[in-house]
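Below is structure26.cif, which holds mmCIF, C-alpha atoms and all ligand atoms.
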data_work
loop_
_atom_site.label_atom_id
_atom_site.label_comp_id
_atom_site.auth_asym_id
_atom_site.auth_seq_id
_atom_site.Cartn_x
_atom_site.Cartn_y
_atom_site.Cartn_z
CA MET A 1033 -16.04 104.02 -28.98
CA VAL A 1034 -14.15 100.97 -30.38
CA ARG A 1035 -16.66 98.48 -31.92
CA SER A 1036 -16.07 94.76 -31.18
CA ALA A 1037 -14.58 92.81 -34.07
CA PRO A 1038 -17.17 91.27 -36.39
CA GLU A 1039 -16.96 87.67 -37.52
CA PRO A 1040 -14.11 86.80 -39.94
CA GLN A 1041 -16.67 85.87 -42.61
CA GLU A 1042 -18.22 89.37 -42.40
CA LEU A 1043 -14.75 90.94 -42.66
CA LEU A 1044 -13.97 88.66 -45.62
CA GLU A 1045 -17.06 89.86 -47.48
CA ILE A 1046 -15.86 93.45 -47.06
CA ALA A 1047 -12.35 92.46 -48.21
CA ILE A 1048 -13.71 90.75 -51.34
CA GLU A 1049 -15.93 93.72 -52.28
CA VAL A 1050 -13.11 96.23 -51.78
CA ALA A 1051 -10.45 94.08 -53.52
CA ARG A 1052 -12.68 93.54 -56.57
CA GLU A 1053 -13.21 97.29 -56.97
CA ALA A 1054 -9.47 97.98 -56.66
CA ALA A 1055 -8.64 95.20 -59.15
CA ALA A 1056 -11.11 96.69 -61.64
CA THR A 1057 -9.43 100.09 -61.28
CA ALA A 1058 -5.96 98.59 -61.74
CA TYR A 1059 -7.14 96.63 -64.79
CA ARG A 1060 -8.75 99.71 -66.37
CA MET A 1061 -5.62 101.80 -65.79
CA ARG A 1062 -3.45 99.03 -67.32
CA VAL A 1063 -5.58 99.03 -70.45
CA GLN A 1064 -5.31 102.83 -70.62
CA GLY A 1065 -1.52 102.48 -70.31
CA VAL A 1066 0.72 102.75 -67.27
CA SER A 1067 4.19 104.09 -66.69
CA VAL A 1068 6.58 104.37 -63.76
CA ALA A 1069 5.42 107.14 -61.40
CA ALA A 1070 8.38 106.83 -59.04
CA THR A 1071 10.98 104.42 -57.71
CA LYS A 1072 11.38 103.35 -54.07
CA SER A 1073 14.23 101.32 -52.51
CA THR A 1074 16.18 100.99 -55.78
CA ILE A 1075 15.72 102.14 -59.40
CA THR A 1076 14.05 98.81 -60.23
CA ASP A 1077 11.61 99.06 -57.28
CA VAL A 1078 8.90 100.88 -59.18
CA VAL A 1079 5.49 102.30 -58.31
CA THR A 1080 2.87 103.24 -60.86
CA ALA A 1081 -0.04 105.64 -60.64
CA ALA A 1082 -2.25 102.54 -60.51
CA ASP A 1083 -0.58 101.23 -57.33
CA ARG A 1084 -1.41 104.55 -55.65
CA ALA A 1085 -4.93 104.87 -57.11
CA ALA A 1086 -5.85 101.31 -56.11
CA GLU A 1087 -4.53 101.76 -52.57
CA GLN A 1088 -6.29 105.13 -52.25
CA GLN A 1089 -9.53 103.45 -53.33
CA VAL A 1090 -9.07 100.63 -50.78
CA CYS A 1091 -8.34 103.09 -47.95
CA GLU A 1092 -11.35 105.28 -48.79
CA ALA A 1093 -13.67 102.27 -48.99
CA LEU A 1094 -12.44 100.90 -45.64
CA ARG A 1095 -12.73 104.35 -44.02
CA ARG A 1096 -16.35 104.44 -45.21
CA LEU A 1097 -17.22 100.85 -44.21
CA ARG A 1098 -15.06 100.43 -41.06
CA PRO A 1099 -14.02 103.96 -39.88
CA GLU A 1100 -12.49 102.76 -36.59
CA ASP A 1101 -10.12 100.27 -38.18
CA ALA A 1102 -6.43 100.80 -38.95
CA VAL A 1103 -4.94 100.23 -42.39
CA LEU A 1104 -1.36 99.33 -43.38
CA GLY A 1105 -0.61 99.71 -47.07
CA GLU A 1106 2.51 99.27 -49.22
CA GLU A 1107 2.34 102.75 -50.73
CA PHE A 1108 0.91 104.96 -47.95
CA GLY A 1109 2.00 103.07 -44.83
CA GLU A 1110 -0.02 103.05 -41.60
CA ALA A 1111 -3.33 104.93 -41.20
CA GLY A 1112 -5.81 104.95 -38.30
CA THR A 1113 -5.47 104.57 -34.55
CA GLY A 1114 -2.68 102.40 -33.21
CA ASP A 1115 -5.02 100.69 -30.68
CA ALA A 1116 -7.61 99.63 -33.24
CA ALA A 1117 -8.70 96.01 -32.71
CA VAL A 1118 -8.97 95.53 -36.45
CA ARG A 1119 -6.21 96.32 -38.97
CA TRP A 1120 -6.35 95.84 -42.73
CA ILE A 1121 -3.14 95.03 -44.66
CA VAL A 1122 -3.15 95.91 -48.35
CA ASP A 1123 -0.83 95.44 -51.29
CA PRO A 1124 -2.72 97.28 -54.05
CA ILE A 1125 -0.69 95.64 -56.84
CA ASP A 1126 1.49 92.74 -55.82
CA GLY A 1127 3.75 91.96 -58.76
CA THR A 1128 4.07 95.58 -59.89
CA VAL A 1129 6.87 94.79 -62.35
CA ASN A 1130 4.69 92.10 -63.96
CA TYR A 1131 1.84 94.65 -64.07
CA LEU A 1132 4.09 97.25 -65.70
CA TYR A 1133 5.31 94.78 -68.36
CA GLY A 1134 1.86 93.29 -68.98
CA VAL A 1135 2.71 89.88 -67.53
CA PRO A 1136 -0.70 88.60 -66.31
CA HIS A 1137 0.54 87.67 -62.83
CA SER A 1138 -0.26 90.57 -60.49
CA ALA A 1139 -2.86 90.84 -57.78
CA VAL A 1140 -4.68 92.92 -55.22
CA SER A 1141 -3.90 91.40 -51.82
CA LEU A 1142 -6.05 92.41 -48.83
CA ALA A 1143 -5.95 90.79 -45.40
CA VAL A 1144 -7.52 91.72 -42.07
CA GLU A 1145 -6.09 91.22 -38.61
CA VAL A 1146 -8.01 91.12 -35.34
CA ASP A 1147 -5.83 91.77 -32.30
CA GLY A 1148 -2.72 91.08 -34.38
CA THR A 1149 -3.86 87.78 -35.92
CA VAL A 1150 -4.79 87.54 -39.60
CA VAL A 1151 -8.36 86.15 -39.67
CA ALA A 1152 -9.37 86.68 -43.30
CA GLY A 1153 -7.77 87.43 -46.65
CA VAL A 1154 -8.36 87.70 -50.39
CA VAL A 1155 -5.93 87.66 -53.30
CA ARG A 1156 -7.42 88.64 -56.68
CA ASN A 1157 -5.51 88.36 -59.96
CA ILE A 1158 -5.95 91.74 -61.66
CA VAL A 1159 -5.91 90.37 -65.23
CA ASN A 1160 -7.79 87.04 -65.18
CA GLY A 1161 -9.95 87.61 -62.07
CA GLU A 1162 -8.89 84.42 -60.30
CA GLU A 1163 -9.70 84.95 -56.63
CA TRP A 1164 -8.39 83.11 -53.56
CA THR A 1165 -9.98 83.59 -50.17
CA ALA A 1166 -9.53 82.23 -46.69
CA THR A 1167 -10.77 82.70 -43.14
CA ALA A 1168 -8.87 81.34 -40.16
CA GLY A 1169 -10.06 77.83 -39.35
CA HIS A 1170 -12.48 77.66 -42.28
CA GLY A 1171 -10.25 76.73 -45.17
CA ALA A 1172 -8.96 78.29 -48.36
CA TRP A 1173 -11.10 78.61 -51.47
CA ARG A 1174 -10.96 79.56 -55.11
CA ASP A 1175 -14.13 79.95 -57.13
CA GLY A 1176 -16.11 77.87 -54.61
CA GLN A 1177 -13.56 75.03 -54.54
CA ARG A 1178 -11.90 74.17 -51.21
CA LEU A 1179 -8.17 74.06 -51.76
CA ARG A 1180 -5.71 71.38 -50.71
CA CYS A 1181 -1.98 71.80 -51.15
CA SER A 1182 0.40 69.32 -52.74
CA THR A 1183 1.19 66.08 -50.89
CA GLU A 1184 4.69 65.83 -52.39
CA LEU A 1185 7.19 64.35 -49.91
CA ASP A 1186 10.27 64.08 -52.14
CA LEU A 1187 12.21 67.37 -52.47
CA GLY A 1188 13.80 66.01 -55.65
CA GLN A 1189 10.33 65.91 -57.23
CA ALA A 1190 9.23 69.31 -55.91
CA LEU A 1191 8.44 72.30 -58.14
CA VAL A 1192 9.52 75.26 -56.02
CA ALA A 1193 8.64 78.93 -56.56
CA THR A 1194 10.77 81.78 -55.26
CA GLY A 1195 11.54 85.44 -55.82
CA PHE A 1196 14.26 88.07 -55.80
CA GLY A 1197 14.43 91.47 -54.13
CA TYR A 1198 15.12 94.84 -55.71
CA ASP A 1199 18.62 95.27 -54.19
CA PRO A 1200 21.28 93.87 -56.60
CA ARG A 1201 23.45 92.61 -53.68
CA ARG A 1202 20.47 90.74 -52.23
CA ARG A 1203 19.63 89.37 -55.67
CA GLU A 1204 23.17 88.05 -55.95
CA HIS A 1205 22.79 86.24 -52.62
CA GLN A 1206 19.34 84.90 -53.56
CA ALA A 1207 20.76 83.65 -56.90
CA ARG A 1208 23.48 81.75 -55.02
CA VAL A 1209 20.78 80.15 -52.86
CA VAL A 1210 18.80 79.12 -55.95
CA ALA A 1211 21.98 77.79 -57.62
CA GLY A 1212 22.62 75.65 -54.55
CA LEU A 1213 19.04 74.42 -54.33
CA ILE A 1214 18.24 73.73 -58.00
CA PRO A 1215 20.16 70.40 -58.26
CA HIS A 1216 18.01 69.10 -55.39
CA VAL A 1217 14.50 69.96 -56.67
CA ARG A 1218 12.40 69.20 -59.77
CA ASP A 1219 12.64 72.84 -60.95
CA ILE A 1220 12.32 76.45 -59.89
CA ARG A 1221 9.63 78.95 -60.85
CA ARG A 1222 10.11 82.71 -60.56
CA LEU A 1223 6.56 84.03 -61.10
CA GLY A 1224 6.96 87.50 -59.63
CA ALA A 1225 4.17 88.09 -57.11
CA ALA A 1226 4.48 86.61 -53.60
CA ALA A 1227 0.75 86.73 -52.81
CA LEU A 1228 -0.09 84.80 -56.00
CA ASP A 1229 2.89 82.46 -55.56
CA LEU A 1230 1.55 81.52 -52.10
CA CYS A 1231 -1.92 80.92 -53.59
CA PHE A 1232 -0.43 78.78 -56.37
CA ALA A 1233 1.28 76.71 -53.66
CA ALA A 1234 -2.02 76.51 -51.77
CA GLU A 1235 -3.62 74.61 -54.63
CA GLY A 1236 -0.60 72.66 -55.81
CA ARG A 1237 0.25 74.66 -58.94
CA VAL A 1238 3.69 74.56 -57.34
CA ASP A 1239 4.65 72.26 -54.49
CA ALA A 1240 6.39 74.89 -52.33
CA TYR A 1241 7.51 78.50 -52.18
CA PHE A 1242 10.20 80.46 -50.34
CA GLU A 1243 11.45 84.02 -50.42
CA LYS A 1244 13.56 86.44 -48.39
CA GLY A 1245 12.58 90.07 -47.93
CA LEU A 1246 8.78 89.97 -47.97
CA ALA A 1247 6.82 92.71 -46.24
CA ALA A 1248 3.58 92.18 -44.29
CA TRP A 1249 1.51 93.27 -47.30
CA ASP A 1250 3.17 90.66 -49.58
CA LEU A 1251 2.54 87.86 -47.09
CA ALA A 1252 -0.62 88.47 -45.01
CA ALA A 1253 -3.44 87.30 -47.29
CA GLY A 1254 -1.49 84.74 -49.33
CA GLY A 1255 0.01 83.33 -46.15
CA LEU A 1256 -3.44 82.65 -44.68
CA VAL A 1257 -4.62 81.04 -47.93
CA ALA A 1258 -1.53 78.82 -47.89
CA THR A 1259 -1.95 77.85 -44.24
CA GLU A 1260 -5.67 77.13 -44.62
CA ALA A 1261 -4.89 74.88 -47.64
CA GLY A 1262 -2.64 72.75 -45.42
CA LEU A 1263 0.81 74.23 -46.05
CA ARG A 1264 3.22 74.83 -43.21
CA VAL A 1265 4.26 78.48 -43.42
CA GLY A 1266 7.24 79.58 -41.36
CA GLY A 1267 10.84 80.79 -41.21
CA LEU A 1268 14.08 79.08 -40.24
CA ALA A 1269 14.62 77.32 -36.92
CA GLY A 1270 10.99 77.50 -35.78
CA THR A 1271 10.66 81.24 -36.34
CA ALA A 1272 7.52 82.78 -37.84
CA ALA A 1273 7.41 83.62 -41.53
CA GLY A 1274 8.70 87.15 -42.02
CA PRO A 1275 11.20 89.45 -43.78
CA ASP A 1276 14.14 87.12 -43.04
CA LEU A 1277 12.53 84.24 -44.85
CA VAL A 1278 9.17 82.78 -45.76
CA ILE A 1279 8.95 79.04 -46.46
CA ALA A 1280 5.58 77.56 -47.46
CA ALA A 1281 5.60 73.81 -48.01
CA PRO A 1282 3.46 70.72 -47.41
CA PRO A 1283 4.10 69.37 -43.87
CA GLY A 1284 6.15 66.43 -45.25
CA LEU A 1285 8.32 68.64 -47.44
CA PHE A 1286 8.92 71.54 -45.03
CA ALA A 1287 11.84 69.99 -43.14
CA PRO A 1288 13.91 68.88 -46.18
CA LEU A 1289 13.39 72.25 -47.89
CA HIS A 1290 14.05 74.10 -44.63
CA ASP A 1291 17.30 72.23 -44.06
CA ARG A 1292 18.56 72.90 -47.60
CA LEU A 1293 17.71 76.61 -47.29
CA ALA A 1294 19.33 76.82 -43.85
CA ALA A 1295 22.51 75.23 -45.20
CA LEU A 1296 22.46 77.75 -48.08
CA GLU A 1297 21.95 80.66 -45.62
CA ALA A 1298 18.75 81.68 -47.42
CA ALA A 1299 17.83 84.04 -44.57
CA GLY A 1300 21.30 85.58 -44.67
CA GLY A 1301 22.96 88.03 -47.01
CA PRO A 1302 22.12 91.73 -47.54
C1 LIG B 1401 7.05 91.80 -55.18
C2 LIG B 1401 6.85 90.46 -54.54
C3 LIG B 1401 7.74 89.40 -55.22
C4 LIG B 1401 9.15 89.78 -55.06
C5 LIG B 1401 9.38 91.14 -55.67
C6 LIG B 1401 8.47 92.19 -55.04
P1 LIG B 1401 5.77 94.11 -55.25
O1 LIG B 1401 6.25 92.73 -54.53
O2 LIG B 1401 5.53 90.09 -54.70
O3 LIG B 1401 7.55 88.14 -54.66
O4 LIG B 1401 9.97 88.82 -55.66
O5 LIG B 1401 10.72 91.50 -55.47
O6 LIG B 1401 8.78 92.36 -53.68
O7 LIG B 1401 6.98 95.05 -55.16
O8 LIG B 1401 5.42 93.84 -56.65
O9 LIG B 1401 4.61 94.57 -54.41
#
Would you mind writing the file out in structure tokens?
Amino acid sequence: MVRSAPEPQELLEIAIEVAREAAATAYRMRVQGVSVAATKSTITDVVTAADRAAEQQVCEALRRLRPEDAVLGEEFGEAGTGDAAVRWIVDPIDGTVNYLYGVPHSAVSLAVEVDGTVVAGVVRNIVNGEEWTATAGHGAWRDGQRLRCSTELDLGQALVATGFGYDPRRREHQARVVAGLIPHVRDIRRLGAAALDLCFAAEGRVDAYFEKGLAAWDLAAGGLVATEAGLRVGGLAGTAAGPDLVIAAPPGLFAPLHDRLAALEAAGGP
């Protein structure tokens, strides 16, 4: 028997509870000391025991609280029935390299989809506990404050965050894109965790963000927070945000940033 989907707010409360527990586990394991457990796509694409422990904890909690739902996670992939109405999307530690090095910019990112649409999400910084939440149509919030993105209209005045993949050939292409863009913006920030970068853009800590190569678990929760804070989140040429390219910018800044990135073939390369 497939249960009907509960309200986004009810799903958000579950997401917050589960994300907070996973963040506490990741924090405790960091204090105890972490090391590289394995590498994935390249030797710099690392996973720690904490990534796996936190995702395991999230999956077990969701299986207990919402047994019929599906779960997609960065470390363990898909779990649950393919026809589930509700699917959770988890990145147990977004910004794993930051986490490994002790840079306080890593987060648990947990989103929930109903019939393929993300309706709620939470991003919780593992070190300082900052927590961003959003439900579709009901805004983005941090610590009880409703978030509004930057209103910057001038690309030349825009502080833009971005990121680089783990494949050296892709990094080379992304570096060329940044080299081509940097004369046309205020400055670039490479913070190292897409979910947090999107949340920073949601509240104007940066004006905009873009990155090639993001997976669903990097984007789902942070993307909803960004959208609900007023950012336009998309790809090139009217496509949806996805692995080719994610651009998140205030409505008035999206087109100039988009056009620069298109001219620099930001969605291209390896
Ligand atoms: C990271 C992203 C970041 C990107 C890194 C990596 P991970 O995710 O959050 O934006 O630049 O290459 O993909 O691997 O830490 O979950």
### Message
Show me which residues are within 10 Å of ligand LIG 1401 (chain B) counting only C-alpha atoms and all ligand atoms, and format the list as a ChimeraX atom specification.
### Response
/A:1072-1073,1076-1079,1083,1106-1107,1122-1132,1137-1141,1193-1199,1203,1222-1230,1241-1247,1249-1251
#### Entry: Shell of 10 Å around range 1146-1156 of chain A, all atoms listed in the file, local chain residues under 5 positions omitted, as a ChimeraX atom specification
/A:1036-1045,1047-1052,1054-1055,1101,1115-1123,1125-1126,1138-1141,1161-1170,1172-1174,1227-1228,1230-1231,1252-1257
#### Entry: Nearby residues (all atoms listed in the file) at most 8 Å from Leu1185 in chain A, same-chain spacing under 3 positions excluded, as a PyMOL selection string
chain A and resi 1282+1284-1285
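Between Ala1211 in chain A and the candidates A:Val1090, A:Ala1233, A:Leu1293, A:Arg1178, the tightest atom-to-atom separation, counting all atoms listed in the file, involves A:Leu1293.
Between CA of Leu1213 in chain A and CA of Gln1189 in chain A there is a distance of 12.5 Å.
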### Message
Please report the interatomic distance between CA of Asn1160 in chain A and CA of Tyr1059 in chain A in Å with one decimal.
### Response
9.6 Å
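Considering the residues A:Leu1296, A:Val1066, A:Ile1075, A:Ala1082 and counting all atoms listed in the file, Gly1212 in chain A has its shortest atom-to-atom contact with A:Leu1296.
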### Summary
Using only C-alpha atoms, the residue out of A:Arg1292, A:Gly1105, A:Glu1260, A:Ala1273 with shortest distance to Gly1188 in chain A is A:Arg1292
### Task
May I ask for the distance between CA of Glu1145 in chain A and CA of Phe1232 in chain A, given in Å to one decimal place?
22.4 Å
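Nearest to Ala1248 in chain A of all the residues A:Gly1109, A:Glu1235, A:Val1068, A:Ile1220 is A:Gly1109, based on only C-alpha atoms.
Shortest separation to Leu1142 in chain A among A:Arg1201, A:Thr1271, A:Ile1046, A:Gln1064 occurs at residue A:Ile1046, atoms counted being only C-alpha atoms.
Between Gly1236 in chain A and the candidates A:Ile1279, A:Leu1104, A:Ala1269, A:Leu1191, the tightest atom-to-atom separation, counting only C-alpha atoms, involves A:Leu1191.
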If you count all atoms listed in the file, which residues fall within 8 Å of Pro1302 in chain A, apart from same-chain ones fewer than 2 positions away, as a PDB file with C-alpha atoms, keeping the file's coordinate frame?
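This went into result06.pdb:
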ATOM      1  CA  ARG A1201      23.450  92.610 -53.680  1.00  0.00           C
ATOM      2  CA  ARG A1202      20.470  90.740 -52.230  1.00  0.00           C
ATOM      3  CA  HIS A1205      22.790  86.240 -52.620  1.00  0.00           C
ATOM      4  CA  GLY A1300      21.300  85.580 -44.670  1.00  0.00           C
TER       5      GLY A1300
END
Around all of range 1283-1287 of chain A's listed atoms, make the axis-aligned box with 3 Å on each side and tell me centre and edge lengths in Å to one decimal, as lines of an AutoDock Vina configuration file.
center_x = 8.0
center_y = 69.0
center_z = -45.3
size_x = 13.7
size_y = 11.1
size_z = 10.3
